[in-house]
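Printed here is target.pdb (PDB, N, CA, C and O atoms):
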ATOM      1  N   MET A   1      34.597 253.868 118.094
ATOM      2  CA  MET A   1      35.393 254.934 117.506
ATOM      3  C   MET A   1      36.570 254.380 116.691
ATOM      4  O   MET A   1      37.319 255.146 116.121
ATOM      5  N   THR A   2      36.685 253.063 116.642
ATOM      6  CA  THR A   2      37.771 252.440 115.885
ATOM      7  C   THR A   2      37.285 251.764 114.608
ATOM      8  O   THR A   2      38.097 251.271 113.834
ATOM      9  N   GLY A   3      35.973 251.688 114.422
ATOM     10  CA  GLY A   3      35.418 251.013 113.258
ATOM     11  C   GLY A   3      35.160 249.533 113.484
ATOM     12  O   GLY A   3      34.782 248.826 112.562
ATOM     13  N   LYS A   4      35.329 249.067 114.717
ATOM     14  CA  LYS A   4      35.069 247.665 115.033
ATOM     15  C   LYS A   4      33.584 247.486 115.342
ATOM     16  O   LYS A   4      33.010 248.224 116.134
ATOM     17  N   VAL A   5      32.957 246.491 114.707
ATOM     18  CA  VAL A   5      31.529 246.233 114.894
ATOM     19  C   VAL A   5      31.312 245.518 116.231
ATOM     20  O   VAL A   5      31.865 244.454 116.469
ATOM     21  N   MET A   6      30.491 246.111 117.079
ATOM     22  CA  MET A   6      30.179 245.531 118.389
ATOM     23  C   MET A   6      28.839 244.799 118.373
ATOM     24  O   MET A   6      28.607 243.919 119.181
ATOM     25  N   ALA A   7      27.955 245.184 117.448
ATOM     26  CA  ALA A   7      26.642 244.559 117.305
ATOM     27  C   ALA A   7      26.134 244.861 115.904
ATOM     28  O   ALA A   7      26.487 245.882 115.319
ATOM     29  N   HIS A   8      25.319 243.937 115.372
ATOM     30  CA  HIS A   8      24.736 244.157 114.047
ATOM     31  C   HIS A   8      23.388 243.458 114.006
ATOM     32  O   HIS A   8      23.307 242.252 114.237
ATOM     33  N   GLY A   9      22.339 244.200 113.740
ATOM     34  CA  GLY A   9      20.987 243.665 113.799
ATOM     35  C   GLY A   9      20.635 242.663 112.720
ATOM     36  O   GLY A   9      19.735 241.854 112.901
ATOM     37  N   ALA A  10      21.337 242.683 111.593
ATOM     38  CA  ALA A  10      20.971 241.807 110.488
ATOM     39  C   ALA A  10      21.993 240.710 110.192
ATOM     40  O   ALA A  10      21.680 239.772 109.478
ATOM     41  N   ASN A  11      23.222 240.840 110.736
ATOM     42  CA  ASN A  11      24.265 239.876 110.377
ATOM     43  C   ASN A  11      25.238 239.689 111.537
ATOM     44  O   ASN A  11      26.178 240.470 111.698
ATOM     45  N   ASN A  12      25.058 238.641 112.311
ATOM     46  CA  ASN A  12      25.930 238.372 113.452
ATOM     47  C   ASN A  12      27.380 238.126 113.050
ATOM     48  O   ASN A  12      28.290 238.295 113.864
ATOM     49  N   LYS A  13      27.624 237.731 111.801
ATOM     50  CA  LYS A  13      28.992 237.481 111.339
ATOM     51  C   LYS A  13      29.818 238.763 111.274
ATOM     52  O   LYS A  13      31.040 238.709 111.199
ATOM     53  N   MET A  14      29.162 239.911 111.283
ATOM     54  CA  MET A  14      29.865 241.197 111.252
ATOM     55  C   MET A  14      30.470 241.559 112.612
ATOM     56  O   MET A  14      31.425 242.327 112.681
ATOM     57  N   VAL A  15      29.921 240.997 113.682
ATOM     58  CA  VAL A  15      30.367 241.337 115.037
ATOM     59  C   VAL A  15      31.832 240.947 115.211
ATOM     60  O   VAL A  15      32.248 239.841 114.894
ATOM     61  N   GLY A  16      32.599 241.914 115.712
ATOM     62  CA  GLY A  16      34.020 241.705 115.967
ATOM     63  C   GLY A  16      34.921 242.112 114.819
ATOM     64  O   GLY A  16      36.140 242.167 114.977
ATOM     65  N   LYS A  17      34.346 242.430 113.660
ATOM     66  CA  LYS A  17      35.154 242.791 112.499
ATOM     67  C   LYS A  17      35.534 244.268 112.526
ATOM     68  O   LYS A  17      34.736 245.116 112.892
ATOM     69  N   ALA A  18      36.757 244.537 112.108
ATOM     70  CA  ALA A  18      37.239 245.909 111.989
ATOM     71  C   ALA A  18      36.918 246.385 110.572
ATOM     72  O   ALA A  18      37.456 245.858 109.602
ATOM     73  N   LEU A  19      36.040 247.360 110.447
ATOM     74  CA  LEU A  19      35.566 247.813 109.140
ATOM     75  C   LEU A  19      36.010 249.232 108.798
ATOM     76  O   LEU A  19      35.471 249.838 107.876
ATOM     77  N   ILE A  20      36.999 249.756 109.501
ATOM     78  CA  ILE A  20      37.412 251.145 109.312
ATOM     79  C   ILE A  20      37.797 251.445 107.862
ATOM     80  O   ILE A  20      37.605 252.555 107.379
ATOM     81  N   GLU A  21      38.286 250.462 107.132
ATOM     82  CA  GLU A  21      38.691 250.672 105.741
ATOM     83  C   GLU A  21      37.576 250.364 104.737
ATOM     84  O   GLU A  21      37.776 250.503 103.533
ATOM     85  N   MET A  22      36.407 249.983 105.211
ATOM     86  CA  MET A  22      35.313 249.584 104.327
ATOM     87  C   MET A  22      34.811 250.761 103.493
ATOM     88  O   MET A  22      34.707 251.880 103.971
ATOM     89  N   LYS A  23      34.523 250.457 102.219
ATOM     90  CA  LYS A  23      33.976 251.456 101.306
ATOM     91  C   LYS A  23      32.651 250.949 100.769
ATOM     92  O   LYS A  23      32.452 249.747 100.613
ATOM     93  N   ASP A  24      31.764 251.880 100.454
ATOM     94  CA  ASP A  24      30.514 251.479  99.814
ATOM     95  C   ASP A  24      30.786 251.304  98.319
ATOM     96  O   ASP A  24      31.914 251.547  97.849
ATOM     97  N   PRO A  25      29.807 250.852  97.523
ATOM     98  CA  PRO A  25      30.037 250.611  96.092
ATOM     99  C   PRO A  25      30.507 251.837  95.301
ATOM    100  O   PRO A  25      31.112 251.694  94.248
ATOM    101  N   ASP A  26      30.251 253.027  95.829
ATOM    102  CA  ASP A  26      30.696 254.259  95.162
ATOM    103  C   ASP A  26      32.088 254.689  95.616
ATOM    104  O   ASP A  26      32.576 255.744  95.215
ATOM    105  N   GLY A  27      32.704 253.904  96.501
ATOM    106  CA  GLY A  27      34.036 254.232  96.995
ATOM    107  C   GLY A  27      34.047 255.119  98.231
ATOM    108  O   GLY A  27      35.105 255.536  98.693
ATOM    109  N   LYS A  28      32.894 255.398  98.776
ATOM    110  CA  LYS A  28      32.794 256.252  99.966
ATOM    111  C   LYS A  28      33.276 255.482 101.187
ATOM    112  O   LYS A  28      32.792 254.384 101.482
ATOM    113  N   GLU A  29      34.233 256.035 101.906
ATOM    114  CA  GLU A  29      34.746 255.426 103.133
ATOM    115  C   GLU A  29      33.814 255.801 104.289
ATOM    116  O   GLU A  29      34.123 256.626 105.132
ATOM    117  N   PHE A  30      32.656 255.169 104.306
ATOM    118  CA  PHE A  30      31.591 255.594 105.211
ATOM    119  C   PHE A  30      31.889 255.305 106.676
ATOM    120  O   PHE A  30      31.394 256.013 107.552
ATOM    121  N   VAL A  31      32.691 254.312 106.979
ATOM    122  CA  VAL A  31      33.020 254.034 108.384
ATOM    123  C   VAL A  31      33.966 255.113 108.908
ATOM    124  O   VAL A  31      33.772 255.646 110.003
ATOM    125  N   LYS A  32      34.981 255.460 108.110
ATOM    126  CA  LYS A  32      35.881 256.558 108.508
ATOM    127  C   LYS A  32      35.095 257.851 108.660
ATOM    128  O   LYS A  32      35.298 258.608 109.610
ATOM    129  N   GLU A  33      34.188 258.106 107.707
ATOM    130  CA  GLU A  33      33.358 259.308 107.780
ATOM    131  C   GLU A  33      32.519 259.294 109.053
ATOM    132  O   GLU A  33      32.388 260.314 109.736
ATOM    133  N   ARG A  34      31.977 258.134 109.383
ATOM    134  CA  ARG A  34      31.142 257.993 110.583
ATOM    135  C   ARG A  34      31.935 258.345 111.843
ATOM    136  O   ARG A  34      31.440 259.048 112.724
ATOM    137  N   VAL A  35      33.152 257.865 111.925
ATOM    138  CA  VAL A  35      33.999 258.156 113.086
ATOM    139  C   VAL A  35      34.274 259.655 113.169
ATOM    140  O   VAL A  35      34.181 260.254 114.244
ATOM    141  N   GLU A  36      34.590 260.269 112.042
ATOM    142  CA  GLU A  36      34.867 261.708 112.035
ATOM    143  C   GLU A  36      33.624 262.515 112.399
ATOM    144  O   GLU A  36      33.712 263.498 113.152
ATOM    145  N   LEU A  37      32.469 262.120 111.893
ATOM    146  CA  LEU A  37      31.226 262.810 112.248
ATOM    147  C   LEU A  37      30.905 262.648 113.730
ATOM    148  O   LEU A  37      30.444 263.590 114.380
ATOM    149  N   ALA A  38      31.173 261.480 114.269
ATOM    150  CA  ALA A  38      30.934 261.255 115.700
ATOM    151  C   ALA A  38      31.836 262.150 116.538
ATOM    152  O   ALA A  38      31.403 262.718 117.547
ATOM    153  N   LYS A  39      33.089 262.286 116.121
ATOM    154  CA  LYS A  39      34.034 263.146 116.849
ATOM    155  C   LYS A  39      33.613 264.609 116.786
ATOM    156  O   LYS A  39      33.695 265.325 117.779
ATOM    157  N   SER A  40      33.152 265.054 115.606
ATOM    158  CA  SER A  40      32.865 266.477 115.429
ATOM    159  C   SER A  40      31.449 266.885 115.820
ATOM    160  O   SER A  40      31.237 268.001 116.282
ATOM    161  N   LYS A  41      30.479 265.981 115.650
ATOM    162  CA  LYS A  41      29.090 266.350 115.883
ATOM    163  C   LYS A  41      28.427 265.625 117.046
ATOM    164  O   LYS A  41      27.515 266.153 117.657
ATOM    165  N   GLY A  42      28.808 264.390 117.280
ATOM    166  CA  GLY A  42      28.174 263.610 118.340
ATOM    167  C   GLY A  42      26.904 262.911 117.906
ATOM    168  O   GLY A  42      26.745 261.719 118.093
ATOM    169  N   LYS A  43      25.981 263.645 117.274
ATOM    170  CA  LYS A  43      24.720 263.097 116.754
ATOM    171  C   LYS A  43      24.596 263.550 115.309
ATOM    172  O   LYS A  43      24.807 264.726 115.004
ATOM    173  N   PHE A  44      24.220 262.626 114.417
ATOM    174  CA  PHE A  44      24.201 262.985 113.003
ATOM    175  C   PHE A  44      23.450 261.953 112.169
ATOM    176  O   PHE A  44      23.225 260.828 112.595
ATOM    177  N   TRP A  45      23.078 262.368 110.953
ATOM    178  CA  TRP A  45      22.524 261.484 109.921
ATOM    179  C   TRP A  45      23.619 261.249 108.899
ATOM    180  O   TRP A  45      24.403 262.159 108.595
ATOM    181  N   GLN A  46      23.662 260.042 108.337
ATOM    182  CA  GLN A  46      24.680 259.711 107.341
ATOM    183  C   GLN A  46      24.049 258.923 106.195
ATOM    184  O   GLN A  46      23.274 257.996 106.421
ATOM    185  N   ASP A  47      24.410 259.305 104.966
ATOM    186  CA  ASP A  47      23.959 258.599 103.766
ATOM    187  C   ASP A  47      25.118 257.812 103.178
ATOM    188  O   ASP A  47      26.246 258.318 103.096
ATOM    189  N   TYR A  48      24.843 256.596 102.739
ATOM    190  CA  TYR A  48      25.833 255.733 102.103
ATOM    191  C   TYR A  48      25.082 254.588 101.437
ATOM    192  O   TYR A  48      23.860 254.556 101.466
ATOM    193  N   LYS A  49      25.791 253.657 100.829
ATOM    194  CA  LYS A  49      25.151 252.479 100.244
ATOM    195  C   LYS A  49      25.632 251.242 100.999
ATOM    196  O   LYS A  49      26.780 251.180 101.444
ATOM    197  N   PHE A  50      24.738 250.264 101.127
ATOM    198  CA  PHE A  50      25.058 249.029 101.848
ATOM    199  C   PHE A  50      24.208 247.909 101.264
ATOM    200  O   PHE A  50      23.142 248.164 100.703
ATOM    201  N   THR A  51      24.671 246.693 101.390
ATOM    202  CA  THR A  51      23.941 245.552 100.846
ATOM    203  C   THR A  51      22.714 245.239 101.691
ATOM    204  O   THR A  51      22.827 244.952 102.876
ATOM    205  N   ASP A  52      21.556 245.311 101.053
ATOM    206  CA  ASP A  52      20.294 244.967 101.704
ATOM    207  C   ASP A  52      20.268 243.456 101.919
ATOM    208  O   ASP A  52      20.456 242.691 100.967
ATOM    209  N   PRO A  53      20.058 242.991 103.158
ATOM    210  CA  PRO A  53      20.078 241.552 103.411
ATOM    211  C   PRO A  53      18.930 240.785 102.739
ATOM    212  O   PRO A  53      19.043 239.587 102.509
ATOM    213  N   THR A  54      17.859 241.483 102.384
ATOM    214  CA  THR A  54      16.720 240.829 101.736
ATOM    215  C   THR A  54      16.946 240.659 100.237
ATOM    216  O   THR A  54      16.784 239.568  99.692
ATOM    217  N   THR A  55      17.349 241.740  99.569
ATOM    218  CA  THR A  55      17.513 241.713  98.115
ATOM    219  C   THR A  55      18.937 241.356  97.690
ATOM    220  O   THR A  55      19.158 241.026  96.530
ATOM    221  N   ARG A  56      19.881 241.488  98.612
ATOM    222  CA  ARG A  56      21.312 241.270  98.333
ATOM    223  C   ARG A  56      21.851 242.277  97.317
ATOM    224  O   ARG A  56      22.853 242.040  96.655
ATOM    225  N   LYS A  57      21.191 243.415  97.206
ATOM    226  CA  LYS A  57      21.631 244.487  96.309
ATOM    227  C   LYS A  57      22.125 245.656  97.143
ATOM    228  O   LYS A  57      21.592 245.929  98.221
ATOM    229  N   ALA A  58      23.135 246.362  96.633
ATOM    230  CA  ALA A  58      23.611 247.575  97.293
ATOM    231  C   ALA A  58      22.585 248.670  97.051
ATOM    232  O   ALA A  58      22.288 249.011  95.909
ATOM    233  N   LEU A  59      22.032 249.175  98.121
ATOM    234  CA  LEU A  59      20.988 250.197  98.036
ATOM    235  C   LEU A  59      21.372 251.419  98.856
ATOM    236  O   LEU A  59      22.136 251.310  99.821
ATOM    237  N   PRO A  60      20.836 252.580  98.505
ATOM    238  CA  PRO A  60      21.045 253.757  99.335
ATOM    239  C   PRO A  60      20.486 253.508 100.736
ATOM    240  O   PRO A  60      19.417 252.913 100.892
ATOM    241  N   LYS A  61      21.227 253.949 101.721
ATOM    242  CA  LYS A  61      20.831 253.759 103.111
ATOM    243  C   LYS A  61      21.089 255.046 103.875
ATOM    244  O   LYS A  61      22.024 255.791 103.564
ATOM    245  N   GLU A  62      20.250 255.304 104.857
ATOM    246  CA  GLU A  62      20.423 256.460 105.725
ATOM    247  C   GLU A  62      20.455 255.957 107.153
ATOM    248  O   GLU A  62      19.625 255.130 107.545
ATOM    249  N   ALA A  63      21.441 256.428 107.917
ATOM    250  CA  ALA A  63      21.571 255.989 109.307
ATOM    251  C   ALA A  63      21.600 257.199 110.228
ATOM    252  O   ALA A  63      22.188 258.229 109.900
ATOM    253  N   TYR A  64      20.955 257.049 111.361
ATOM    254  CA  TYR A  64      21.062 258.041 112.434
ATOM    255  C   TYR A  64      22.036 257.468 113.443
ATOM    256  O   TYR A  64      21.906 256.305 113.850
ATOM    257  N   CYS A  65      23.019 258.262 113.826
ATOM    258  CA  CYS A  65      24.070 257.788 114.730
ATOM    259  C   CYS A  65      24.274 258.762 115.881
ATOM    260  O   CYS A  65      24.107 259.967 115.730
ATOM    261  N   GLU A  66      24.668 258.209 117.019
ATOM    262  CA  GLU A  66      25.042 259.001 118.184
ATOM    263  C   GLU A  66      26.282 258.408 118.815
ATOM    264  O   GLU A  66      26.405 257.193 118.952
ATOM    265  N   LYS A  67      27.196 259.291 119.207
ATOM    266  CA  LYS A  67      28.379 258.879 119.946
ATOM    267  C   LYS A  67      27.986 258.739 121.409
ATOM    268  O   LYS A  67      27.343 259.611 121.971
ATOM    269  N   THR A  68      28.347 257.627 122.005
ATOM    270  CA  THR A  68      28.083 257.406 123.418
ATOM    271  C   THR A  68      29.349 256.823 124.035
ATOM    272  O   THR A  68      29.710 255.687 123.735
ATOM    273  N   GLY A  69      30.051 257.632 124.809
ATOM    274  CA  GLY A  69      31.348 257.206 125.336
ATOM    275  C   GLY A  69      32.316 257.005 124.183
ATOM    276  O   GLY A  69      32.500 257.886 123.354
ATOM    277  N   ASP A  70      32.909 255.821 124.114
ATOM    278  CA  ASP A  70      33.840 255.493 123.036
ATOM    279  C   ASP A  70      33.173 254.702 121.916
ATOM    280  O   ASP A  70      33.859 254.117 121.069
ATOM    281  N   ASP A  71      31.861 254.652 121.909
ATOM    282  CA  ASP A  71      31.122 253.890 120.906
ATOM    283  C   ASP A  71      30.246 254.804 120.064
ATOM    284  O   ASP A  71      29.878 255.899 120.487
ATOM    285  N   ILE A  72      29.910 254.317 118.870
ATOM    286  CA  ILE A  72      28.960 254.998 117.996
ATOM    287  C   ILE A  72      27.807 254.022 117.781
ATOM    288  O   ILE A  72      28.024 252.898 117.330
ATOM    289  N   VAL A  73      26.610 254.453 118.105
ATOM    290  CA  VAL A  73      25.424 253.614 117.943
ATOM    291  C   VAL A  73      24.614 254.165 116.774
ATOM    292  O   VAL A  73      24.296 255.359 116.748
ATOM    293  N   CYS A  74      24.301 253.284 115.810
ATOM    294  CA  CYS A  74      23.578 253.714 114.617
ATOM    295  C   CYS A  74      22.389 252.794 114.341
ATOM    296  O   CYS A  74      22.432 251.602 114.643
ATOM    297  N   ALA A  75      21.369 253.373 113.756
ATOM    298  CA  ALA A  75      20.228 252.608 113.259
ATOM    299  C   ALA A  75      19.937 253.154 111.871
ATOM    300  O   ALA A  75      19.853 254.361 111.683
ATOM    301  N   GLY A  76      19.816 252.247 110.898
ATOM    302  CA  GLY A  76      19.639 252.692 109.530
ATOM    303  C   GLY A  76      18.429 252.122 108.850
ATOM    304  O   GLY A  76      17.845 251.131 109.299
ATOM    305  N   ILE A  77      18.070 252.761 107.739
ATOM    306  CA  ILE A  77      16.951 252.321 106.932
ATOM    307  C   ILE A  77      17.345 252.445 105.463
ATOM    308  O   ILE A  77      18.026 253.399 105.071
ATOM    309  N   TYR A  78      16.944 251.451 104.679
ATOM    310  CA  TYR A  78      17.206 251.500 103.235
ATOM    311  C   TYR A  78      16.205 252.427 102.580
ATOM    312  O   TYR A  78      15.037 252.436 102.906
ATOM    313  N   LYS A  79      16.698 253.203 101.620
ATOM    314  CA  LYS A  79      15.842 254.117 100.877
ATOM    315  C   LYS A  79      15.533 253.470  99.541
ATOM    316  O   LYS A  79      16.427 253.307  98.716
ATOM    317  N   ARG A  80      14.296 253.052  99.357
ATOM    318  CA  ARG A  80      13.914 252.350  98.110
ATOM    319  C   ARG A  80      13.115 253.222  97.215
ATOM    320  O   ARG A  80      12.478 254.103  97.512
TER     321      ARG A  80
END
Is it possible to give me this structure as structure tokens?
Amino acid sequence: MTGKVMAHGANNKMVGKALIEMKDPDGKEFVKERVELAKSKGKFWQDYKFTDPTTRKALPKEAYCEKTGDDIVCAGIYKR
């Protein structure tokens, strides 16, 4: 709920980083939005852009997230 990465399936270097101020290439503050959606909805889908680890290009991504205790757990897929 603070924007700190606790686990990351594609990049271990992200673990432990505070990303609350992170923006996607369009300027969307998707981490802040994620926290607000978790507070208001608990379970939700979120669209944003993120760097694909394979192509290294910022691509549209969709994530399903659920609030569990003080954490938000998300799994995402790139939309190609």
- [ ] Quick one: apply the PyMOL selection byres ((chain A and resi 23-25) around 8) to the file and drop the selected residues here as a count of residues only.
- [x] 17
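As for atom N of Tyr78 of chain A and atom C of Ala10 of chain A, they are spaced 13.1 Å apart.
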- [ ] Just the residues within 4.5 Å of Ala75 of chain A, please, counting all atoms listed in the file, with nothing from its chain fewer than 5 positions along; format it as a list of chain:residue names.
- [x]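 Within the cut-off, the hits are A:Glu62, A:Ala63, A:Tyr64.
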Task: Residue nearest Asp71 of chain A among A:Val35, A:Arg56, A:Phe44, A:Asn11 (counting only C-alpha atoms) - done: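 That would be A:Val35, the residue with the smallest distance to Asp71 of chain A.
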- [ ] Could you find all residues in chain A that DSSP calls strand (DSSP E) from the backbone, and write them as JSON, numbers by chain?
- [x] {"A": [43, 44, 45, 46, 47, 48, 49, 50, 51, 58, 59, 60, 61, 62, 63, 64, 65, 66, 67, 68, 71, 72, 73, 74, 75, 76, 77, 78]}
TODO: Would you list the contacts of Met14 of chain A as a count of residues only, taking every protein, DNA or RNA residue within 6 Å and counting only N, CA, C and O atoms, but skipping same-chain residues closer than 4 positions in sequence?
DONE: 3
Task: Nearest to Gly69 of chain A by atom-to-atom distance, counting all atoms listed in the file, from A:Lys57, A:Ala7, A:Ala38, A:Gln46 - done: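 Of the candidates, the smallest distance to Gly69 of chain A is held by A:Ala38.
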Open item on the list: Take the PyMOL selection byres ((chain A and resi 79) around 5), run it mentally on this structure, and tell me the resulting residues as JSON, numbers by chain.
Closed with: {"A": [60, 61, 77, 78, 80]}
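We find atom CA of Glu66 of chain A and atom O of His8 of chain A to be spaced 17.3 Å apart.
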- [ ] Identify all residues satisfying the PyMOL selection byres ((chain A and resi 1) around 4.5) in the given file; provide them as a ChimeraX atom specification.
- [x] /A:2-3,70-71
Task: atom CA of Lys67 of chain A to atom C of Gly42 of chain A, distance in Å rounded to a single decimal - done: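 Separation between atom CA of Lys67 of chain A and atom C of Gly42 of chain A: 4.8 Å.
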Report, as lines of an AutoDock Vina configuration file, the centre and edge lengths in Å (one decimal) of the axis-aligned box enclosing every listed atom of segment 35-44 of chain A, padded by 3 Å on each side.
center_x = 29.0
center_y = 262.9
center_z = 115.1
size_x = 17.6
size_y = 16.1
size_z = 12.4
- [ ] From a DSSP pass on the backbone, collect the residues of chain A flagged as alpha helix (DSSP H) and hand them back as an MDAnalysis selection string.
- [x] chainID A and resid 30:40
